[in-house]
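Pasted below: work-v4.csv, CSV, C-alpha atoms.
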chain,number,residue,atom,x,y,z
T,9,MET,CA,-1.0,-20.1,1.0
T,10,ASN,CA,-0.9,-17.8,4.1
T,11,THR,CA,-4.0,-16.6,5.7
T,12,PRO,CA,-4.7,-13.0,4.6
T,13,ILE,CA,-4.1,-10.3,7.2
T,14,ASP,CA,-7.0,-8.0,7.3
T,15,TYR,CA,-7.1,-4.2,8.1
T,16,ASN,CA,-8.3,-4.6,11.7
T,17,THR,CA,-5.8,-7.3,12.6
T,18,LEU,CA,-2.9,-5.1,11.4
T,19,ALA,CA,-4.4,-2.0,13.0
T,20,GLN,CA,-4.6,-3.7,16.4
T,21,HIS,CA,-1.0,-4.9,16.1
T,22,ILE,CA,0.2,-1.4,15.0
T,23,TYR,CA,-1.8,0.2,17.9
T,24,HIS,CA,-0.4,-2.2,20.4
T,25,GLN,CA,3.2,-1.6,19.2
T,26,GLN,CA,2.6,2.2,19.0
T,27,TRP,CA,4.2,2.4,15.5
T,28,TRP,CA,4.0,5.6,13.5
T,29,PHE,CA,2.3,4.2,10.4
T,30,THR,CA,-1.3,3.1,9.6
T,31,PRO,CA,-2.3,-0.3,8.1
T,32,SER,CA,-3.0,1.3,4.7
T,33,GLU,CA,0.2,3.3,4.7
T,34,CYS,CA,2.2,0.1,5.6
T,35,HIS,CA,0.4,-1.8,2.8
T,36,GLY,CA,1.2,0.9,0.2
T,37,LEU,CA,4.8,1.0,1.3
T,38,LEU,CA,5.2,-2.8,1.1
T,39,THR,CA,3.4,-2.9,-2.3
T,40,ALA,CA,5.8,-0.4,-3.8
T,41,LEU,CA,8.9,-2.1,-2.4
T,42,LEU,CA,7.7,-5.3,-4.0
T,43,CYS,CA,7.1,-3.5,-7.3
T,44,PHE,CA,10.6,-2.2,-7.2
T,45,LYS,CA,12.1,-5.6,-6.0
T,46,GLN,CA,13.2,-4.1,-2.7
T,47,LYS,CA,11.0,-6.0,-0.2
T,48,ASN,CA,13.9,-6.5,2.2
T,49,HIS,CA,14.1,-2.7,2.7
T,50,TYR,CA,10.9,-2.5,4.7
T,51,SER,CA,12.4,-2.7,8.1
T,52,ASN,CA,14.7,0.2,7.4
T,53,LEU,CA,11.7,2.4,6.4
T,54,LEU,CA,9.3,1.3,9.1
T,55,PHE,CA,11.3,0.5,12.2
T,56,THR,CA,14.2,2.0,14.2
T,57,GLN,CA,15.1,-1.2,16.0
T,58,ALA,CA,15.3,-4.9,15.5
T,59,LEU,CA,12.0,-6.7,15.1
T,60,GLU,CA,10.6,-9.2,17.6
T,61,PRO,CA,10.1,-12.7,16.1
T,62,LYS,CA,6.3,-12.3,16.2
T,63,THR,CA,6.5,-9.0,14.3
T,64,GLN,CA,8.9,-10.5,11.8
T,65,THR,CA,6.5,-13.3,11.2
T,66,LEU,CA,3.6,-10.9,10.7
T,67,PHE,CA,5.5,-8.9,8.2
T,68,THR,CA,6.8,-11.9,6.4
T,69,GLN,CA,3.3,-13.2,6.0
T,70,LEU,CA,2.0,-9.8,4.9
T,71,ILE,CA,4.7,-9.4,2.3
T,72,GLN,CA,4.0,-12.9,1.0
T,73,ASN,CA,0.3,-12.2,0.8
T,74,ILE,CA,0.9,-9.0,-1.2
T,75,GLU,CA,3.4,-10.6,-3.5
T,76,THR,CA,1.2,-13.6,-4.2
T,77,ALA,CA,-1.7,-11.2,-5.1
T,78,LEU,CA,0.5,-9.0,-7.3
T,79,GLN,CA,1.8,-12.1,-9.2
T,80,SER,CA,-1.6,-13.6,-9.7
T,81,ASN,CA,-3.0,-13.8,-13.2
T,82,ASP,CA,-6.5,-13.3,-11.6
T,83,LEU,CA,-5.7,-9.6,-10.8
T,84,ASN,CA,-6.9,-10.2,-7.2
T,85,TYR,CA,-4.5,-7.7,-5.6
T,86,GLN,CA,-6.5,-5.4,-3.3
T,87,LEU,CA,-5.5,-2.3,-1.4
T,88,LEU,CA,-5.6,-2.7,2.4
T,89,LEU,CA,-8.3,-0.3,3.4
T,90,PRO,CA,-10.9,-0.4,6.2
T,91,GLU,CA,-14.0,-2.5,5.6
T,92,ASP,CA,-17.0,-0.9,3.9
T,93,ASN,CA,-18.8,-0.3,7.3
T,94,VAL,CA,-16.7,2.9,7.9
T,95,THR,CA,-17.6,6.4,6.7
T,96,LEU,CA,-16.6,7.5,3.3
T,97,SER,CA,-14.2,10.0,4.9
T,98,GLN,CA,-12.4,7.3,6.8
T,99,ARG,CA,-12.0,5.3,3.5
T,100,ALA,CA,-10.7,8.4,1.8
T,101,GLN,CA,-8.3,9.0,4.6
T,102,ALA,CA,-7.0,5.4,4.4
T,103,LEU,CA,-6.6,5.7,0.6
T,104,THR,CA,-4.5,8.9,1.1
T,105,GLU,CA,-2.4,7.0,3.7
T,106,TRP,CA,-1.9,4.1,1.2
T,107,THR,CA,-0.6,6.5,-1.4
T,108,LYS,CA,1.7,8.2,1.1
T,109,GLY,CA,3.3,4.8,1.9
T,110,PHE,CA,3.5,3.8,-1.7
T,111,LEU,CA,5.2,7.1,-2.7
T,112,LEU,CA,7.6,7.0,0.3
T,113,ALA,CA,8.8,3.5,-0.8
T,114,THR,CA,8.9,4.6,-4.5
T,115,HIS,CA,11.1,7.5,-3.6
T,116,HIS,CA,13.3,5.2,-1.5
T,117,ALA,CA,13.5,2.6,-4.3
T,118,GLN,CA,14.5,5.2,-6.9
T,119,GLN,CA,17.2,6.7,-4.6
T,120,ASN,CA,18.6,3.2,-4.0
T,121,ALA,CA,18.6,2.0,-7.6
T,122,SER,CA,19.4,4.7,-10.2
T,123,ASN,CA,18.9,2.2,-13.1
T,124,ILE,CA,15.1,2.1,-12.6
T,125,LYS,CA,13.5,3.3,-15.8
T,126,LEU,CA,9.7,3.7,-15.8
T,127,ASP,CA,7.7,3.8,-19.0
T,128,GLU,CA,5.2,6.6,-19.6
T,129,ASP,CA,2.2,4.8,-18.1
T,130,CYS,CA,4.1,4.0,-14.9
T,131,GLN,CA,5.4,7.6,-14.6
T,132,GLU,CA,1.8,8.8,-15.1
T,133,PHE,CA,0.6,6.5,-12.3
T,134,ILE,CA,3.2,7.8,-9.9
T,135,THR,CA,2.1,11.4,-10.8
T,136,ASP,CA,-1.5,10.4,-10.3
T,137,LEU,CA,-0.7,9.2,-6.8
T,138,GLN,CA,0.6,12.6,-5.9
T,139,SER,CA,-2.9,13.9,-6.7
T,140,VAL,CA,-4.6,11.1,-4.8
T,141,MET,CA,-2.4,11.9,-1.7
T,142,GLU,CA,-4.0,15.3,-1.7
T,143,LEU,CA,-7.5,14.0,-2.0
T,144,GLU,CA,-10.2,15.9,0.0
T,145,ILE,CA,-11.0,13.4,2.8
T,146,ASN,CA,-14.0,15.2,4.3
T,147,LEU,CA,-16.5,13.6,1.9
T,148,PRO,CA,-20.2,13.6,2.6
T,149,ASP,CA,-21.6,10.1,2.3
T,150,SER,CA,-23.4,9.9,-1.1
T,151,GLU,CA,-23.6,7.5,-3.9
T,152,ASP,CA,-21.7,9.8,-6.2
T,153,ASN,CA,-18.9,10.2,-3.8
T,154,GLN,CA,-18.8,6.5,-3.1
T,155,ARG,CA,-18.6,5.8,-6.8
T,156,LEU,CA,-15.8,8.3,-7.3
T,157,LEU,CA,-13.8,7.0,-4.4
T,158,THR,CA,-14.2,3.5,-5.7
T,159,GLU,CA,-12.9,4.6,-9.1
T,160,VAL,CA,-9.9,6.2,-7.5
T,161,GLU,CA,-9.2,3.1,-5.4
T,162,GLU,CA,-9.5,0.9,-8.5
T,163,HIS,CA,-7.1,3.2,-10.4
T,164,CYS,CA,-4.6,2.8,-7.5
T,165,ARG,CA,-5.1,-1.0,-7.5
T,166,MET,CA,-4.6,-1.3,-11.3
T,167,GLY,CA,-1.6,1.1,-11.2
T,168,ALA,CA,0.1,-1.0,-8.6
T,169,LEU,CA,-0.5,-4.1,-10.7
T,170,LEU,CA,0.8,-2.3,-13.8
T,171,LEU,CA,4.0,-1.1,-12.0
T,172,TYR,CA,4.6,-4.6,-10.6
T,173,ALA,CA,4.1,-6.3,-14.0
T,174,THR,CA,6.3,-3.7,-15.8
T,175,LEU,CA,9.2,-3.9,-13.3
T,176,ASN,CA,9.1,-7.7,-12.7
T,177,ARG,CA,8.9,-9.1,-16.2
Go ahead and express the file in the form of C-alpha coordinates.
Amino acid sequence: MNTPIDYNTLAQHIYHQQWWFTPSECHGLLTALLCFKQKNHYSNLLFTQALEPKTQTLFTQLIQNIETALQSNDLNYQLLLPEDNVTLSQRAQALTEWTKGFLLATHHAQQNASNIKLDEDCQEFITDLQSVMELEINLPDSEDNQRLLTEVEEHCRMGALLLYATLNR
(Lines of atoms letter the chains of each structure in order from A and count residues from 1; the text may use other names and numbers.)
(Lines give C-alpha, C1' and ligand atoms only; values in the text may rest on other atoms or scores of the structure.)
Protein backbone atom coordinates (compact mmCIF):
# COMPACT_ATOMS: atom_id res chain seq x y z
CA MET A 1 0.00 0.00 0.00
CA ASN A 2 1.11 3.55 -0.66
CA THR A 3 2.39 5.77 2.10
CA PRO A 4 -0.38 8.12 3.23
CA ILE A 5 -0.02 11.76 2.23
CA ASP A 6 -0.56 13.99 5.23
CA TYR A 7 -2.08 17.45 5.32
CA ASN A 8 1.23 19.31 5.74
CA THR A 9 2.96 17.48 2.88
CA LEU A 10 0.12 18.28 0.51
CA ALA A 11 -0.06 21.86 1.80
CA GLN A 12 3.64 22.39 1.07
CA HIS A 13 3.25 21.03 -2.45
CA ILE A 14 0.18 23.20 -3.10
CA TYR A 15 1.95 26.28 -1.75
CA HIS A 16 5.06 25.62 -3.85
CA GLN A 17 2.96 25.18 -7.00
CA GLN A 18 0.74 28.18 -6.13
CA TRP A 19 -2.46 26.29 -6.84
CA TRP A 20 -5.87 27.77 -6.04
CA PHE A 21 -7.11 25.02 -3.72
CA THR A 22 -6.31 23.88 -0.20
CA PRO A 23 -5.39 20.34 0.91
CA SER A 24 -8.81 19.78 2.48
CA GLU A 25 -10.65 21.15 -0.54
CA CYS A 26 -8.62 18.90 -2.83
CA HIS A 27 -9.29 15.87 -0.63
CA GLY A 28 -13.03 16.55 -0.57
CA LEU A 29 -13.08 16.94 -4.34
CA LEU A 30 -11.15 13.72 -4.93
CA THR A 31 -13.34 11.84 -2.45
CA ALA A 32 -16.53 12.89 -4.24
CA LEU A 33 -15.10 12.03 -7.65
CA LEU A 34 -14.27 8.57 -6.35
CA CYS A 35 -17.77 8.21 -4.92
CA PHE A 36 -19.26 9.07 -8.31
CA LYS A 37 -16.77 6.87 -10.23
CA GLN A 38 -15.23 9.88 -11.97
CA LYS A 39 -11.71 9.92 -10.52
CA ASN A 40 -10.15 10.67 -13.90
CA HIS A 41 -11.91 14.05 -13.98
CA TYR A 42 -9.77 15.56 -11.23
CA SER A 43 -7.24 17.24 -13.50
CA ASN A 44 -10.01 19.04 -15.40
CA LEU A 45 -11.37 20.45 -12.15
CA LEU A 46 -8.09 21.32 -10.45
CA PHE A 47 -5.63 22.27 -13.19
CA THR A 48 -5.53 24.39 -16.32
CA GLN A 49 -2.45 22.77 -17.82
CA ALA A 50 -0.84 19.37 -18.15
CA LEU A 51 0.63 17.96 -14.95
CA GLU A 52 4.31 17.44 -14.35
CA PRO A 53 5.25 13.80 -13.69
CA LYS A 54 5.98 14.50 -10.01
CA THR A 55 2.54 16.06 -9.56
CA GLN A 56 0.87 13.25 -11.49
CA THR A 57 2.54 10.73 -9.18
CA LEU A 58 1.46 12.65 -6.07
CA PHE A 59 -2.16 12.77 -7.17
CA THR A 60 -2.18 9.14 -8.29
CA GLN A 61 -0.93 8.16 -4.85
CA LEU A 62 -3.44 10.44 -3.09
CA ILE A 63 -6.33 9.01 -5.14
CA GLN A 64 -5.19 5.45 -4.44
CA ASN A 65 -4.97 6.18 -0.72
CA ILE A 66 -8.46 7.69 -0.63
CA GLU A 67 -9.95 4.87 -2.69
CA THR A 68 -8.34 2.19 -0.54
CA ALA A 69 -9.73 3.84 2.60
CA LEU A 70 -13.21 4.21 1.10
CA GLN A 71 -13.21 0.53 0.08
CA SER A 72 -11.97 -0.73 3.42
CA ASN A 73 -14.34 -2.76 5.58
CA ASP A 74 -12.63 -1.17 8.61
CA LEU A 75 -14.23 2.24 7.87
CA ASN A 76 -10.80 3.84 8.21
CA TYR A 77 -11.46 6.64 5.71
CA GLN A 78 -10.60 10.01 7.27
CA LEU A 79 -11.07 13.57 6.06
CA LEU A 80 -7.79 15.31 5.31
CA LEU A 81 -7.78 18.11 7.88
CA PRO A 82 -4.95 19.84 9.77
CA GLU A 83 -3.54 18.03 12.76
CA ASP A 84 -5.07 18.60 16.18
CA ASN A 85 -2.37 21.13 17.12
CA VAL A 86 -4.13 23.95 15.21
CA THR A 87 -6.89 26.17 16.52
CA LEU A 88 -10.49 25.09 16.41
CA SER A 89 -11.17 27.89 13.93
CA GLN A 90 -8.48 26.54 11.59
CA ARG A 91 -10.00 23.05 11.74
CA ALA A 92 -13.47 24.49 11.11
CA GLN A 93 -12.11 26.44 8.12
CA ALA A 94 -10.52 23.26 6.73
CA LEU A 95 -13.78 21.36 7.18
CA THR A 96 -15.70 24.01 5.23
CA GLU A 97 -13.03 23.79 2.51
CA TRP A 98 -13.40 19.98 2.41
CA THR A 99 -17.16 20.38 1.91
CA LYS A 100 -16.65 22.97 -0.85
CA GLY A 101 -14.41 20.55 -2.72
CA PHE A 102 -16.81 17.67 -2.18
CA LEU A 103 -19.80 19.70 -3.38
CA LEU A 104 -17.91 21.05 -6.42
CA ALA A 105 -17.09 17.52 -7.53
CA THR A 106 -20.62 16.32 -6.74
CA HIS A 107 -22.09 19.03 -8.94
CA HIS A 108 -19.59 18.21 -11.69
CA ALA A 109 -20.36 14.49 -11.47
CA GLN A 110 -24.11 15.02 -11.59
CA GLN A 111 -23.73 17.29 -14.64
CA ASN A 112 -21.63 14.67 -16.45
CA ALA A 113 -23.78 11.66 -15.64
CA SER A 114 -27.49 12.32 -15.71
CA ASN A 115 -28.26 8.72 -14.73
CA ILE A 116 -27.02 9.17 -11.14
CA LYS A 117 -29.86 8.43 -8.76
CA LEU A 118 -29.22 9.13 -5.09
CA ASP A 119 -31.34 7.55 -2.39
CA GLU A 120 -32.90 9.68 0.34
CA ASP A 121 -29.99 9.23 2.77
CA CYS A 122 -27.42 10.30 0.18
CA GLN A 123 -29.51 13.29 -0.86
CA GLU A 124 -29.85 14.29 2.79
CA PHE A 125 -26.06 14.04 3.21
CA ILE A 126 -25.47 16.33 0.21
CA THR A 127 -27.97 18.81 1.68
CA ASP A 128 -26.21 18.60 5.04
CA LEU A 129 -22.93 19.49 3.35
CA GLN A 130 -24.47 22.74 2.12
CA SER A 131 -25.03 23.65 5.77
CA VAL A 132 -21.55 22.53 6.81
CA MET A 133 -20.06 24.71 4.08
CA GLU A 134 -21.68 27.71 5.79
CA LEU A 135 -20.40 26.73 9.23
CA GLU A 136 -19.27 29.55 11.50
CA ILE A 137 -15.50 29.20 11.49
CA ASN A 138 -14.60 31.72 14.19
CA LEU A 139 -15.08 29.27 17.01
CA PRO A 140 -13.70 29.94 20.47
CA ASP A 141 -11.62 27.02 21.71
CA SER A 142 -13.78 25.13 24.17
CA GLU A 143 -14.58 21.52 24.91
CA ASP A 144 -18.16 21.97 23.70
CA ASN A 145 -17.08 23.49 20.40
CA GLN A 146 -14.41 20.80 19.97
CA ARG A 147 -17.02 18.09 20.57
CA LEU A 148 -19.49 19.69 18.15
CA LEU A 149 -16.88 20.12 15.43
CA THR A 150 -15.76 16.52 15.88
CA GLU A 151 -19.38 15.39 15.48
CA VAL A 152 -19.71 17.37 12.23
CA GLU A 153 -16.42 15.95 10.95
CA GLU A 154 -17.65 12.44 11.77
CA HIS A 155 -20.94 13.11 9.98
CA CYS A 156 -19.01 14.17 6.87
CA ARG A 157 -16.75 11.13 7.11
CA MET A 158 -19.61 8.67 7.47
CA GLY A 159 -21.62 10.44 4.76
CA ALA A 160 -18.73 10.07 2.32
CA LEU A 161 -18.50 6.37 3.18
CA LEU A 162 -22.27 6.00 2.72
CA LEU A 163 -22.22 7.73 -0.66
CA TYR A 164 -19.27 5.63 -1.83
CA ALA A 165 -20.91 2.39 -0.70
CA THR A 166 -24.24 3.33 -2.30
CA LEU A 167 -22.81 4.31 -5.68
CA ASN A 168 -20.14 1.61 -5.88
CA ARG A 169 -22.12 -1.55 -5.06
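Between CA of Glu33 (chain T) and CA of Ala102 (chain T) the separation is 7.5 Å.
Interatomic distance, CA of Asp136 (chain T) to CA of His163 (chain T): 9.1 Å.
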* Of the candidates T:Gln25, T:His35, T:Ile13, T:Ile71, which shows the shortest atom-to-atom distance to Phe55 (chain T), using all atoms listed in the file? ->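 The closest residue to Phe55 (chain T) is T:Gln25.
When all atoms listed in the file are used to measure the gap to Leu111 (chain T), the shortest distance among T:Thr65, T:Asn93, T:Leu41, T:Tyr50 belongs to T:Leu41.
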* To do: Take the point (-6.6, 0.1, 10.6) in the file's coordinates, draw a sphere of radius 12 Å around it, and report as number ranges by chain every protein, DNA or RNA residue with an atom inside or on it, counting all atoms listed in the file.
  => T: 13-24, 29-35, 88-91, 94, 98-99, 101-103, 105-106
* Counting only C-alpha atoms, the option among T:Asn73, T:Thr95, T:Gln26, T:Thr107 closest to Glu142 (chain T) -> T:Thr107
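Counting all atoms listed in the file, the residue from T:Asn176, T:Thr114, T:Leu126, T:Leu87 that sits nearest to Thr158 (chain T) is T:Leu87.
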* **Gap from CA of Gln72 (chain T) to CA of Phe133 (chain T) - Å, one decimal** =>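 Value for the CA of Gln72 (chain T)-CA of Phe133 (chain T) distance: 23.8 Å.
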* **Of the listed residues T:Thr76, T:Ser150, T:Ser139, T:Thr104, that which approaches Tyr172 (chain T) most closely, counting all atoms listed in the file** =>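 Smallest separation from Tyr172 (chain T) among the options: T:Thr76.
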* Asked: Which one of T:Gln57, T:Asn146, T:Asn123, T:Asn84 sits closest to Leu169 (chain T) if you count all atoms listed in the file?
  ->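 Under the stated criterion, the closest residue is T:Asn84.
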